[in-house]
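Asker: To start, I am sharing the structure in question, which I have written as structure tokens.
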Amino acid sequence: MEGLGVVKKVAGPLVVAENMRGANMFDVVRVSDARLIGEIIELHGDQASIQVYEETSGLAPGAPVESTEMPLSVELGPGLARSIYDGIQRPLAAIKKQSGSRLQRGVEAPSLDREKKWAFTPTAAVGDIVSGGDVIGEVQETDVVLHKIMVPPLLSGEITRISEGEFTVEEPIAYLGETPIYLMQRWPVRKGRPYKRKLNPDVPLVTGQRVIDLLFPIAKGGTAAVPGPFGSGKTVVQHQLAKWADADIVVYIGCGERGNEMTDVLLEFPELKDPKSGKSLMERTVLIANTSDMPVAAREASVYTGITIAEYYRDMGYSVALMADSTSRWAEAMREMSGRLEEMPGEEGYPAYLSSRLAQFYERAGRVLTLGSANREGALSVIGAVSPSGGDISEPVTQATLRIVKVFWSLDSALAYARHFPAINWLTSYSLYLDDMGSWFDNHVKKDWMAKRARVMLLLQEESELDEIVRLVGMDALSAPDRLKLEAARSIREDFLHQDAFHEVDTYTSLEKQHLMVSLVLNYYEMASNALDDGVPIEPLVSLPVREAIGRIKYVGDDGLESAVKSISRQLAKEIGDLKEKQVDR
């Protein structure tokens, strides 16, 4: 039988099979009688190199290899939301029922439940001419996700039959001519789903994290990297973005992460309330769990599986946020497979194609006009954590990532050890989307948003320069205006940039509240500077009682915010006015 081969060599997750002349690159194969799942990654004559996504211990030469003659694909349809998959889209809940708490080799379980019936409501009618991407009906997938059933991208024609009612994902719901359409469609994971065109990244993905939204915002459809050493808070930052980012759907990929971290995610997400709907956050989340003790080859697949699912929801017109934690583990898997293939190594042993693989992944992000006649707009934002060895961001994975992404949130272990979270270093981070999004902030929040951001960044940079002087010659060497600058910058750092992820109010800050908080700090700095010019000494200015109230405004909820800000503004004006009067009396 064509496509039926024989194992010749086994090297960990790499299996070399011969008699594979009928197979194609990236075909999925079943190896041995245990039916281990694998993928062809290299072909030489009739020999195929296969990366096996399961444990290969006990596998020996002579075992049969059968090609499915299909590339590695994911099943896309109702039932994705709320699901927890492994790296090759096997549902972990279904596998647990079959084989218990430990993954058994060769276990097969359909990605989407074949028994469950979904209530399908048509939005198209017989006689309609439709093409790839057109929505022909809807399914209420969860309480918060309306799943739009689309014509598969490569199909078009006239609807000859369409039915309303309850269907499984394998029952036809409509026909284009004689071609059936199902609730489910399949798509190869290594091929990006098509769209009409990309749009400019000029709308921010609001996260509620102050250091991100004000200083280093990411666009909807943008790409960001979060590199940082062990313990600097990469995972907490990604959890916060998953909870609070302005996205309709969240896809979280735990790629080679520690099991206890993934356990935290799996236990925490169902308990989290979605601020938009009040329901569980899992209602609009897809989790892909690929822990560090799972087979190394499946790490690479998990990243592609996740982004293909994210593209599918983007095609429905949703804003999707994808978190990949972490791409370093994915790169390490590539390095291991490349070494077993005996390819020429690049820098630090990584394969020469490391940069191009990372680029292919991140380039699938974007805000797009989707296929179909309705001109829907969808967005896929990709945020990848990077775990450089020893915190050295000059290593190849971080550098290759930074050449591709447009937002860099540099996590700093010194800030983390000082208990400053999120530990994003404001001097080394950047966002290249600011020019595109500046007008959006000015038009949708306040006209002086970008001006205030520029003043905050200037104060923080001047503080860094003044810190050098203080370390060398002491605080007494500074002039009064410079001391005031240091105090204002400290207020920005401690009262604004520092944010408590576990405080019920402080965990999320709206853009309007962020503007009010920054305005209070900058108003204090302006009024104190004017008082200095009028001869008021520096000591009473830096120890004003109102400063504590300014620092605690972040814990005030939106309901009482406006009155609290007015009260603090009045108190600030009174206290500085009193100091000026005292100076005049002298």
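Following the order of the structure tokens, chains are lettered A, B, ..., residues in each are numbered from 1, and ligands are numbered from 1.
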Can you tell me which residues surround Tyr195 (chain A) at a distance of at most 8 Å, considering only C-alpha atoms, apart from same-chain residues fewer than 2 positions away, and format the answer as a VMD selection string?

Answerer: chain A and resid 193 197 to 198 315 368 to 371

Asker: Contacts of region 423-433 of chain A at 6 Å or less, counting only C-alpha atoms, minus same-chain residues fewer than 2 places along, as a PyMOL selection string?

Answerer: chain A and resi 216+406-412+415-416+420-421+435-436

Asker: Env of Thr327 (chain A): 7 Å cut, atoms = only C-alpha atoms, seq-sep filter 5 positions within chain, self excluded. Answer as a PyMOL selection string.

Answerer: chain A and resi 384-386

Asker: List as an MDAnalysis selection string the protein and nucleic acid residues near Asp27 (chain A), meaning an atom at most 6 Å away when only C-alpha atoms are counted, but skip any in the same chain fewer than 2 places from it.

Answerer: chainID A and resid 24:25 39:40 69:71

Asker: Could you give me, as number ranges by chain, the residues within 8 Å of region 276-290 of chain A, counting only C-alpha atoms and dropping anything in the same chain fewer than 5 positions from it?

Answerer: A: 80-87, 89, 142-145, 243, 248-257, 262, 269-271, 298-299, 302, 306

Asker: Run DSSP on the backbone of this structure and report the residues of region 300-464 of chain A it assigns to strand (DSSP E or B), as an NGL selection string.

Answerer: :A and (319-325 or 345 or 351 or 366-369 or 377-386 or 407-408 or 411 or 424 or 430-431)

Asker: For the residues selected in the previous step, produce a file with N, CA and C atoms as a CSV table (one decimal), in the first residue's frame.

Answerer:
chain,number,residue,atom,x,y,z
A,319,SER,N,-12.4,40.3,18.0
A,319,SER,CA,-11.0,40.7,18.4
A,319,SER,C,-10.5,39.6,19.3
A,320,VAL,N,-9.4,39.0,18.9
A,320,VAL,CA,-8.8,37.9,19.6
A,320,VAL,C,-7.5,38.2,20.1
A,321,ALA,N,-7.2,37.8,21.4
A,321,ALA,CA,-5.9,38.0,22.0
A,321,ALA,C,-5.3,36.6,22.2
A,322,LEU,N,-4.1,36.4,21.6
A,322,LEU,CA,-3.4,35.2,21.8
A,322,LEU,C,-2.2,35.4,22.7
A,323,MET,N,-2.1,34.6,23.7
A,323,MET,CA,-0.9,34.6,24.6
A,323,MET,C,-0.1,33.3,24.4
A,324,ALA,N,1.2,33.5,24.1
A,324,ALA,CA,2.1,32.3,23.9
A,324,ALA,C,3.1,32.4,25.0
A,325,ASP,N,3.1,31.4,25.9
A,325,ASP,CA,4.0,31.4,27.1
A,325,ASP,C,4.7,30.0,27.2
A,345,PRO,N,24.0,23.9,12.6
A,345,PRO,CA,23.4,24.8,13.7
A,345,PRO,C,23.8,26.3,13.4
A,351,PRO,N,18.5,26.5,15.1
A,351,PRO,CA,18.6,26.3,13.6
A,351,PRO,C,18.7,27.6,12.9
A,366,GLY,N,-2.8,40.5,13.1
A,366,GLY,CA,-3.2,41.7,12.3
A,366,GLY,C,-4.6,42.0,12.5
A,367,ARG,N,-5.0,43.3,12.2
A,367,ARG,CA,-6.4,43.7,12.1
A,367,ARG,C,-6.7,43.6,10.6
A,368,VAL,N,-7.8,42.9,10.3
A,368,VAL,CA,-8.0,42.6,8.8
A,368,VAL,C,-9.5,42.8,8.5
A,369,LEU,N,-9.7,43.0,7.2
A,369,LEU,CA,-11.0,42.8,6.6
A,369,LEU,C,-11.2,41.4,6.2
A,377,GLU,N,-14.7,43.3,10.2
A,377,GLU,CA,-13.4,43.6,10.7
A,377,GLU,C,-13.0,42.7,11.8
A,378,GLY,N,-11.9,42.0,11.8
A,378,GLY,CA,-11.5,41.1,12.8
A,378,GLY,C,-10.0,41.5,13.2
A,379,ALA,N,-9.6,41.1,14.4
A,379,ALA,CA,-8.3,41.4,14.8
A,379,ALA,C,-7.7,40.3,15.6
A,380,LEU,N,-6.4,40.0,15.4
A,380,LEU,CA,-5.7,39.0,16.1
A,380,LEU,C,-4.4,39.6,16.7
A,381,SER,N,-4.4,39.8,18.0
A,381,SER,CA,-3.2,40.3,18.6
A,381,SER,C,-2.4,39.2,19.3
A,382,VAL,N,-1.1,39.2,19.1
A,382,VAL,CA,-0.2,38.1,19.6
A,382,VAL,C,0.8,38.7,20.6
A,383,ILE,N,0.7,38.1,21.8
A,383,ILE,CA,1.7,38.5,22.8
A,383,ILE,C,2.5,37.3,23.2
A,384,GLY,N,3.8,37.4,22.9
A,384,GLY,CA,4.6,36.2,23.2
A,384,GLY,C,5.6,36.5,24.3
A,385,ALA,N,5.6,35.6,25.3
A,385,ALA,CA,6.6,35.7,26.4
A,385,ALA,C,7.9,35.0,25.9
A,386,VAL,N,9.0,35.6,26.3
A,386,VAL,CA,10.3,35.0,26.0
A,386,VAL,C,11.1,34.8,27.3
A,407,VAL,N,6.1,45.9,19.8
A,407,VAL,CA,6.1,46.4,21.2
A,407,VAL,C,7.0,45.5,22.0
A,408,PHE,N,7.8,46.1,22.9
A,408,PHE,CA,8.8,45.4,23.7
A,408,PHE,C,8.5,45.9,25.1
A,411,LEU,N,10.8,43.2,31.0
A,411,LEU,CA,10.7,42.9,32.4
A,411,LEU,C,12.1,43.0,33.1
A,424,ILE,N,7.8,46.2,34.4
A,424,ILE,CA,8.1,46.6,33.0
A,424,ILE,C,9.0,47.8,33.2
A,430,TYR,N,9.5,49.8,24.7
A,430,TYR,CA,9.1,50.8,23.7
A,430,TYR,C,7.9,50.2,23.0
A,431,SER,N,7.1,51.1,22.3
A,431,SER,CA,6.0,50.7,21.4
A,431,SER,C,6.1,51.5,20.1

Asker: Can you pull out the residues contacting Asp128 (chain A)? Cut-off 10 Å, using only C-alpha atoms, and skip same-chain residues under 6 positions away; I want them as a PDB file with N, CA and C atoms, in the first residue's frame.

Answerer:
ATOM      1  N   ILE A 136     -23.488  31.986   7.159  1.00  0.00           N
ATOM      2  CA  ILE A 136     -24.781  31.440   6.724  1.00  0.00           C
ATOM      3  C   ILE A 136     -25.679  31.090   7.906  1.00  0.00           C
ATOM      4  N   GLY A 157     -20.714  29.352  -4.165  1.00  0.00           N
ATOM      5  CA  GLY A 157     -21.807  28.817  -4.979  1.00  0.00           C
ATOM      6  C   GLY A 157     -23.164  29.241  -4.441  1.00  0.00           C
ATOM      7  N   GLU A 158     -24.218  28.587  -4.962  1.00  0.00           N
ATOM      8  CA  GLU A 158     -25.596  28.910  -4.577  1.00  0.00           C
ATOM      9  C   GLU A 158     -26.072  27.921  -3.516  1.00  0.00           C
ATOM     10  N   ILE A 159     -26.744  28.451  -2.486  1.00  0.00           N
ATOM     11  CA  ILE A 159     -27.291  27.585  -1.449  1.00  0.00           C
ATOM     12  C   ILE A 159     -28.524  26.876  -2.012  1.00  0.00           C
ATOM     13  N   THR A 160     -28.457  25.540  -2.083  1.00  0.00           N
ATOM     14  CA  THR A 160     -29.592  24.768  -2.602  1.00  0.00           C
ATOM     15  C   THR A 160     -30.456  24.206  -1.479  1.00  0.00           C
ATOM     16  N   LEU A 176     -24.137  23.697  -0.892  1.00  0.00           N
ATOM     17  CA  LEU A 176     -23.835  24.596  -2.021  1.00  0.00           C
ATOM     18  C   LEU A 176     -23.834  23.701  -3.246  1.00  0.00           C
TER      19      LEU A 176
END

Asker: Kindly indicate which residue among A:Arg105, A:Lys97, A:Lys148, A:Arg340 lies nearest to Pro295 (chain A), using only C-alpha atoms for the distances.

Answerer: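 Under the stated criterion, the closest residue is A:Arg105.
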
Asker: Go through A:Met527, A:Ala414, A:Val473, A:Val237 one by one, measure the shortest atom-to-atom distance of each to Gln499 (chain A) using only C-alpha atoms, and give the residue with the smallest value.

Answerer: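 That would be A:Val237, the residue with the smallest distance to Gln499 (chain A).
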
Asker: Val28 (chain A): which residues within 12 Å, counting only C-alpha atoms, same-chain residues fewer than 2 positions away excluded, as a PyMOL selection string?

Answerer: chain A and resi 3+23-26+30-31+35-41+48-53+65-74+88+188-189+301

Asker: May I have the selected residues written with N, CA, C and O atoms, as a short mmCIF file (atom, residue, chain, number, x, y, z; two decimals), in the first residue's frame?

Answerer:
data_model
loop_
_atom_site.label_atom_id
_atom_site.label_comp_id
_atom_site.auth_asym_id
_atom_site.auth_seq_id
_atom_site.Cartn_x
_atom_site.Cartn_y
_atom_site.Cartn_z
N GLY A 3 2.29 4.78 0.83
CA GLY A 3 2.23 5.55 2.06
C GLY A 3 2.47 4.71 3.30
O GLY A 3 2.52 5.23 4.39
N ALA A 23 4.45 9.57 0.35
CA ALA A 23 4.07 10.57 1.36
C ALA A 23 4.52 11.97 0.95
O ALA A 23 5.38 12.14 0.08
N ASN A 24 3.92 12.99 1.56
CA ASN A 24 4.25 14.39 1.28
C ASN A 24 4.78 15.08 2.53
O ASN A 24 4.53 14.65 3.65
N MET A 25 5.49 16.18 2.29
CA MET A 25 6.00 17.00 3.39
C MET A 25 4.84 17.45 4.28
O MET A 25 3.77 17.84 3.79
N PHE A 26 5.03 17.38 5.60
CA PHE A 26 4.06 17.79 6.62
C PHE A 26 2.81 16.90 6.69
O PHE A 26 1.83 17.27 7.32
N ARG A 30 0.86 7.78 11.34
CA ARG A 30 0.67 6.97 12.54
C ARG A 30 1.81 5.97 12.59
O ARG A 30 2.02 5.22 11.63
N VAL A 31 2.54 5.96 13.70
CA VAL A 31 3.75 5.15 13.82
C VAL A 31 3.49 3.96 14.75
O VAL A 31 2.99 4.14 15.87
N ARG A 35 0.01 3.34 17.21
CA ARG A 35 -0.56 4.48 16.46
C ARG A 35 -0.16 5.83 17.07
O ARG A 35 -0.99 6.69 17.35
N LEU A 36 1.15 5.97 17.29
CA LEU A 36 1.67 7.25 17.76
C LEU A 36 1.54 8.28 16.64
O LEU A 36 1.82 7.99 15.47
N ILE A 37 1.12 9.49 17.00
CA ILE A 37 0.90 10.50 15.97
C ILE A 37 2.19 11.27 15.71
O ILE A 37 2.94 11.60 16.63
N GLY A 38 2.49 11.51 14.43
CA GLY A 38 3.70 12.23 14.06
C GLY A 38 3.49 13.02 12.78
O GLY A 38 2.42 12.95 12.15
N GLU A 39 4.51 13.77 12.39
CA GLU A 39 4.41 14.65 11.21
C GLU A 39 5.73 14.59 10.45
O GLU A 39 6.81 14.64 11.05
N ILE A 40 5.63 14.46 9.14
CA ILE A 40 6.84 14.38 8.31
C ILE A 40 7.46 15.78 8.20
O ILE A 40 6.78 16.73 7.78
N ILE A 41 8.74 15.90 8.59
CA ILE A 41 9.40 17.21 8.53
C ILE A 41 10.58 17.23 7.57
O ILE A 41 11.18 18.28 7.34
N ALA A 48 11.70 9.24 5.12
CA ALA A 48 11.02 10.39 5.73
C ALA A 48 11.48 10.53 7.17
O ALA A 48 11.54 9.53 7.90
N SER A 49 11.82 11.77 7.56
CA SER A 49 12.09 12.07 8.97
C SER A 49 10.78 12.57 9.59
O SER A 49 10.14 13.48 9.06
N ILE A 50 10.41 11.95 10.69
CA ILE A 50 9.10 12.20 11.31
C ILE A 50 9.31 12.70 12.74
O ILE A 50 10.06 12.09 13.50
N GLN A 51 8.69 13.85 13.08
CA GLN A 51 8.70 14.23 14.49
C GLN A 51 7.43 13.67 15.13
O GLN A 51 6.33 13.90 14.67
N VAL A 52 7.65 12.87 16.17
CA VAL A 52 6.54 12.17 16.82
C VAL A 52 6.11 12.98 18.04
O VAL A 52 6.93 13.39 18.85
N TYR A 53 4.81 13.21 18.15
CA TYR A 53 4.27 14.06 19.20
C TYR A 53 3.97 13.30 20.49
O TYR A 53 3.30 13.82 21.38
N VAL A 65 4.65 2.28 9.59
CA VAL A 65 4.33 3.71 9.57
C VAL A 65 3.28 3.93 8.49
O VAL A 65 3.49 3.58 7.33
N GLU A 66 2.15 4.50 8.88
CA GLU A 66 1.06 4.72 7.92
C GLU A 66 0.80 6.20 7.76
O GLU A 66 0.61 6.92 8.75
N SER A 67 0.79 6.67 6.52
CA SER A 67 0.52 8.09 6.26
C SER A 67 -0.98 8.31 6.13
O SER A 67 -1.69 7.53 5.50
N THR A 68 -1.47 9.37 6.76
CA THR A 68 -2.88 9.74 6.60
C THR A 68 -3.10 10.54 5.32
O THR A 68 -4.24 10.81 4.95
N GLU A 69 -1.98 10.96 4.68
CA GLU A 69 -2.01 11.77 3.45
C GLU A 69 -2.73 13.10 3.66
O GLU A 69 -3.30 13.66 2.75
N MET A 70 -2.69 13.58 4.91
CA MET A 70 -3.29 14.88 5.26
C MET A 70 -2.31 15.64 6.12
O MET A 70 -1.63 15.05 6.96
N PRO A 71 -2.21 16.98 5.94
CA PRO A 71 -1.33 17.75 6.83
C PRO A 71 -1.94 17.86 8.22
O PRO A 71 -3.14 17.61 8.41
N LEU A 72 -1.11 18.23 9.21
CA LEU A 72 -1.60 18.44 10.57
C LEU A 72 -2.63 19.57 10.54
O LEU A 72 -2.32 20.69 10.15
N SER A 73 -3.86 19.24 10.93
CA SER A 73 -4.97 20.20 10.83
C SER A 73 -5.71 20.28 12.15
O SER A 73 -5.61 19.38 12.99
N VAL A 74 -6.46 21.36 12.32
CA VAL A 74 -7.31 21.50 13.51
C VAL A 74 -8.77 21.48 13.07
O VAL A 74 -9.10 21.85 11.94
N ILE A 88 -1.64 19.16 20.14
CA ILE A 88 -2.14 18.77 18.82
C ILE A 88 -3.66 18.66 18.83
O ILE A 88 -4.25 17.88 18.10
N PRO A 188 -5.34 23.35 7.83
CA PRO A 188 -3.96 22.98 8.18
C PRO A 188 -3.30 24.06 9.03
O PRO A 188 -3.40 25.25 8.71
N VAL A 189 -2.62 23.64 10.10
CA VAL A 189 -2.15 24.62 11.09
C VAL A 189 -1.00 25.47 10.58
O VAL A 189 -0.80 26.60 11.05
N ALA A 301 4.01 22.19 17.59
CA ALA A 301 2.65 22.11 17.06
C ALA A 301 1.69 22.98 17.85
O ALA A 301 0.78 23.58 17.29
#

Asker: Rank A:Glu504, A:Glu18, A:Asp264, A:Glu342 by their smallest atom-to-atom distance to Val6 (chain A), using only C-alpha atoms, and report the top residue only.

Answerer: A:Glu18
